[in-house]
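To start, the structure itself, in structure tokens.
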Amino acid sequence: MDYARRRSRVLEELDVEAFLVVNLEGTDPDGASMRYLTGYPGPGALILTRTATIPLASRTNIGQARQDAPELDWRILDWDYPSAIAAAVDGCRARRVAVASRRLGLFTARALEARMKTPLEVYEDPVAGLREIKDPEEVAAIRRATEVTEQALADVLRTLAAGATEADLVLEIEIAMRRLGAEGPSFELIAAAGAASALPHHRPERRAIQRGEVLLLD
């Protein structure tokens with residue numbers, strides 16, 4: 001993946017001097033923005049300016065960050081996260097700093113602003129628009145993910161017997177996916193049998209699937 005190009009494109013879309021990504025305690029679900037811009041999806045922060053990329057990762061994740069994105073000069077993010085991020089942003093001397101409102105909790109935003117010299121400029125989600133247009137590597141990954149999902153489902157259904165529970169079924173499907181090379185499912189799998197199949201977001205239970213029942217899989 002051309003992460004450097006992705007980072008450049010974000011700044012091209014914004015009329016600011018810096019863009020701040022924060023992924024702490026679930027503020028950036030699944031680390032989507034961090035992963036898209038660096039390859040590392042874990043806890044940390046990323047500051048992009050016209051001349052520099054400043055990546056920060058928590059002490060417990062710095063090793064993983066350096067492994068996932070070795071081309072970047074990762075810094076350790078000290079435990080007082082808001083103060084550490086604010087100091088790094090102020091060190092860039094940017095007069096205008098953008099953040100994605102959809103990827104930053106109100107508590108974290110206020111904690112940062114209380115410590116920063118520069119007020120944050122709020123955008124909805126600059127990275128999301130870029131993610132909508134897939135590059136060739138992403139298209140290939142999507143195709144491969146589809147193949148893995150279809151094969152895993154076929155393998156499990158081939159051996160499915162009456163008496164298996166909904167919980168057993170989703171577990172077997174996930175195991176099959178991982179054996180075929182998947183990192184994991186993109187969301188919690190759903191298996192709903194009988195009357196439960198009328199519930200689109202049913203939580204799989206340890207209830208045996210009966211022969212002749214409708215079975216919903218998602």
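Residue numbering restarts at 1 for every chain of the structure tokens, chains are lettered A, B, ... in their displayed order, and ligands are numbered from 1 as they appear.
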
Near-stretch 109-125 of chain A list (12 Å; only C-alpha atoms; drop same-chain fewer than 5 positions) as a ChimeraX atom specification: /A:10,13-24,27-28,32-33,80-104,130-132

Selection near A:Glu71, 12 Å with only C-alpha atoms, sequence-local residues under 6 positions removed, as a list in words: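 Contacts, in chain order: Asp2, Tyr3, Ala4, Thr38, Gly39, Tyr40, Thr53, Ile54, Pro55 and Ala65 of chain A.
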
Counting only C-alpha atoms, which residue out of A:Asp78, A:Glu25, A:Glu147, A:Glu205 sits closest to A:Ala191?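 Once distances to A:Ala191 are computed over only C-alpha atoms, the minimum belongs to A:Glu205.
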
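Each of A:Ile173, A:Leu217, A:Ala195, A:Gly31 was checked against A:Thr159 using only C-alpha atoms; the smallest atom-to-atom distance is that of A:Ile173.
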
Any idea what's packed within 9 Å of A:Arg206, counting only C-alpha atoms, ignoring anything in its chain fewer than 4 positions away? Could you give it as a compact mmCIF listing (two decimals) with N, CA, C and O atoms, in the first residue's frame?
```
# COMPACT_ATOMS: atom_id res chain seq x y z
N ALA A 164 -26.17 -29.20 16.30
CA ALA A 164 -25.18 -28.14 16.50
C ALA A 164 -25.90 -26.88 16.96
O ALA A 164 -27.05 -26.63 16.58
N THR A 165 -25.25 -26.08 17.77
CA THR A 165 -25.88 -24.85 18.24
C THR A 165 -25.50 -23.67 17.36
O THR A 165 -24.53 -23.74 16.58
N GLU A 166 -26.24 -22.58 17.50
CA GLU A 166 -25.92 -21.37 16.76
C GLU A 166 -24.50 -20.91 17.13
O GLU A 166 -23.72 -20.51 16.25
N ALA A 167 -24.17 -20.96 18.41
CA ALA A 167 -22.85 -20.54 18.87
C ALA A 167 -21.76 -21.42 18.27
O ALA A 167 -20.69 -20.94 17.88
N ASP A 168 -22.02 -22.74 18.20
CA ASP A 168 -21.05 -23.65 17.59
C ASP A 168 -20.81 -23.26 16.14
O ASP A 168 -19.66 -23.26 15.66
```

Shell around A:Leu169 at 12 Å using only C-alpha atoms, local window under 3 positions removed, as a PyMOL selection string: chain A and resi 152-153+155-166+172-176+189-193+204-209+215-218

For the selection just defined, write its residues with C-alpha atoms to a file, as a PDB file, in the first residue's frame.
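Below is the file that was written, selection.pdb:
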```pdb
ATOM      1  CA  ALA A 152     -15.321 -21.116   4.865  1.00  0.00           C
ATOM      2  CA  LEU A 153     -19.105 -21.149   4.716  1.00  0.00           C
ATOM      3  CA  ASP A 155     -16.695 -26.050   4.311  1.00  0.00           C
ATOM      4  CA  VAL A 156     -18.705 -25.637   7.517  1.00  0.00           C
ATOM      5  CA  LEU A 157     -22.144 -26.212   6.006  1.00  0.00           C
ATOM      6  CA  ARG A 158     -20.859 -29.407   4.383  1.00  0.00           C
ATOM      7  CA  THR A 159     -20.322 -30.907   7.839  1.00  0.00           C
ATOM      8  CA  LEU A 160     -23.209 -29.226   9.675  1.00  0.00           C
ATOM      9  CA  ALA A 161     -25.381 -31.740  11.500  1.00  0.00           C
ATOM     10  CA  ALA A 162     -28.630 -31.399  13.401  1.00  0.00           C
ATOM     11  CA  GLY A 163     -27.908 -30.724  17.051  1.00  0.00           C
ATOM     12  CA  ALA A 164     -25.182 -28.141  16.501  1.00  0.00           C
ATOM     13  CA  THR A 165     -25.882 -24.853  18.243  1.00  0.00           C
ATOM     14  CA  GLU A 166     -25.920 -21.366  16.762  1.00  0.00           C
ATOM     15  CA  GLU A 172     -16.666 -23.023  13.287  1.00  0.00           C
ATOM     16  CA  ILE A 173     -17.130 -20.446  10.515  1.00  0.00           C
ATOM     17  CA  GLU A 174     -14.656 -18.054  12.129  1.00  0.00           C
ATOM     18  CA  ILE A 175     -12.117 -20.842  12.650  1.00  0.00           C
ATOM     19  CA  ALA A 176     -12.487 -21.846   9.001  1.00  0.00           C
ATOM     20  CA  LEU A 189     -21.027 -13.358  12.966  1.00  0.00           C
ATOM     21  CA  ILE A 190     -24.735 -14.105  13.186  1.00  0.00           C
ATOM     22  CA  ALA A 191     -26.426 -17.500  13.103  1.00  0.00           C
ATOM     23  CA  ALA A 192     -30.153 -17.466  13.823  1.00  0.00           C
ATOM     24  CA  ALA A 193     -32.330 -20.579  13.594  1.00  0.00           C
ATOM     25  CA  PRO A 204     -26.158 -16.634  18.589  1.00  0.00           C
ATOM     26  CA  GLU A 205     -27.229 -18.814  21.496  1.00  0.00           C
ATOM     27  CA  ARG A 206     -26.366 -22.278  22.731  1.00  0.00           C
ATOM     28  CA  ARG A 207     -29.592 -23.617  21.323  1.00  0.00           C
ATOM     29  CA  ALA A 208     -29.515 -26.655  19.080  1.00  0.00           C
ATOM     30  CA  ILE A 209     -30.459 -26.065  15.446  1.00  0.00           C
ATOM     31  CA  LEU A 215     -31.284 -20.786   9.265  1.00  0.00           C
ATOM     32  CA  LEU A 216     -30.097 -17.197   8.809  1.00  0.00           C
ATOM     33  CA  LEU A 217     -26.376 -16.541   8.484  1.00  0.00           C
ATOM     34  CA  ASP A 218     -24.707 -13.136   8.305  1.00  0.00           C
TER      35      ASP A 218
END
```

Give me every alpha helix (DSSP H) residue in stretch 10-161 of chain A, going by DSSP on the backbone, as JSON, numbers by chain. {"A": [10, 11, 12, 13, 32, 33, 34, 35, 36, 37, 38, 62, 63, 64, 65, 66, 67, 68, 81, 82, 83, 84, 85, 86, 87, 88, 89, 90, 91, 106, 107, 108, 109, 110, 111, 112, 113, 126, 127, 128, 129, 130, 131, 136, 137, 138, 139, 140, 141, 142, 143, 144, 145, 146, 147, 148, 149, 150, 151, 152, 153, 154, 155, 156, 157, 158, 159]}

Report as an MDAnalysis selection string: the residues of stretch 14-163 of chain A with a DSSP assignment of strand (DSSP E or B), based on the backbone of this structure. chainID A and resid 18:23 44:49 53:58 75:77 97:100 120:123

Top pick for closest residue to A:His202, considering A:Ala145, A:Glu188, A:Thr49, A:Ile133 and counting only C-alpha atoms: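 Among the listed residues, the smallest separation from A:His202 belongs to A:Glu188.
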
Please identify all polymer residues within 10 Å of A:Ile76, counting only C-alpha atoms, omitting same-chain residues fewer than 6 positions from it, and present them as a PyMOL selection string. chain A and resi 44+55-63+84

Residues from last step as file, N, CA, C and O atoms, as a CSV table (one decimal), in the first residue's frame:
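Contents of result-v5.csv, as written:
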```csv
chain,number,residue,atom,x,y,z
A,44,GLY,N,-2.7,5.2,19.6
A,44,GLY,CA,-1.7,6.2,19.3
A,44,GLY,C,-2.2,7.5,18.7
A,44,GLY,O,-3.4,7.7,18.8
A,55,PRO,N,4.3,10.1,13.9
A,55,PRO,CA,3.5,9.0,14.4
A,55,PRO,C,3.9,8.7,15.9
A,55,PRO,O,5.1,8.7,16.3
A,56,LEU,N,2.9,8.5,16.7
A,56,LEU,CA,3.1,8.2,18.1
A,56,LEU,C,2.3,7.0,18.5
A,56,LEU,O,1.1,6.8,18.1
A,57,ALA,N,2.9,6.1,19.3
A,57,ALA,CA,2.2,4.9,19.8
A,57,ALA,C,2.4,4.7,21.3
A,57,ALA,O,3.5,5.1,21.8
A,58,SER,N,1.4,4.2,21.9
A,58,SER,CA,1.6,4.0,23.4
A,58,SER,C,2.7,3.0,23.7
A,58,SER,O,3.2,2.3,22.8
A,59,ARG,N,3.2,3.1,24.9
A,59,ARG,CA,4.4,2.3,25.2
A,59,ARG,C,4.2,0.8,25.0
A,59,ARG,O,5.1,0.1,24.6
A,60,THR,N,3.0,0.3,25.3
A,60,THR,CA,2.7,-1.1,25.2
A,60,THR,C,2.5,-1.5,23.7
A,60,THR,O,2.4,-2.7,23.4
A,61,ASN,N,2.4,-0.5,22.8
A,61,ASN,CA,2.2,-0.9,21.4
A,61,ASN,C,3.2,-0.4,20.5
A,61,ASN,O,3.1,-0.5,19.3
A,62,ILE,N,4.3,0.3,21.0
A,62,ILE,CA,5.3,0.8,20.1
A,62,ILE,C,6.0,-0.2,19.3
A,62,ILE,O,6.3,0.0,18.1
A,63,GLY,N,6.2,-1.4,19.9
A,63,GLY,CA,6.9,-2.5,19.1
A,63,GLY,C,6.0,-2.9,17.9
A,63,GLY,O,6.5,-3.1,16.8
A,84,ALA,N,0.8,14.8,26.0
A,84,ALA,CA,1.8,14.4,25.0
A,84,ALA,C,1.4,14.7,23.6
A,84,ALA,O,2.3,15.2,22.8
```

At what distance in Å, to one decimal, does atom CA of A:Arg66 lie from atom CA of A:Thr146? 29.5 Å

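Atom pair atom CA of A:Gly42 / atom CA of A:Val170 has a distance of 26.0 Å (rounded to one decimal).
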
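Minimum atom-to-atom distances from A:Leu46, A:Ala182, A:Val214, A:Leu72 to A:Ile142 were compared using only C-alpha atoms, and the lowest value belongs to A:Ala182.
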
Would you work out the distance separating atom CA of A:Thr149 from atom CA of A:Arg179, expressed in Å to one decimal?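 We find that atom CA of A:Thr149 and atom CA of A:Arg179 lie 11.1 Å from each other.
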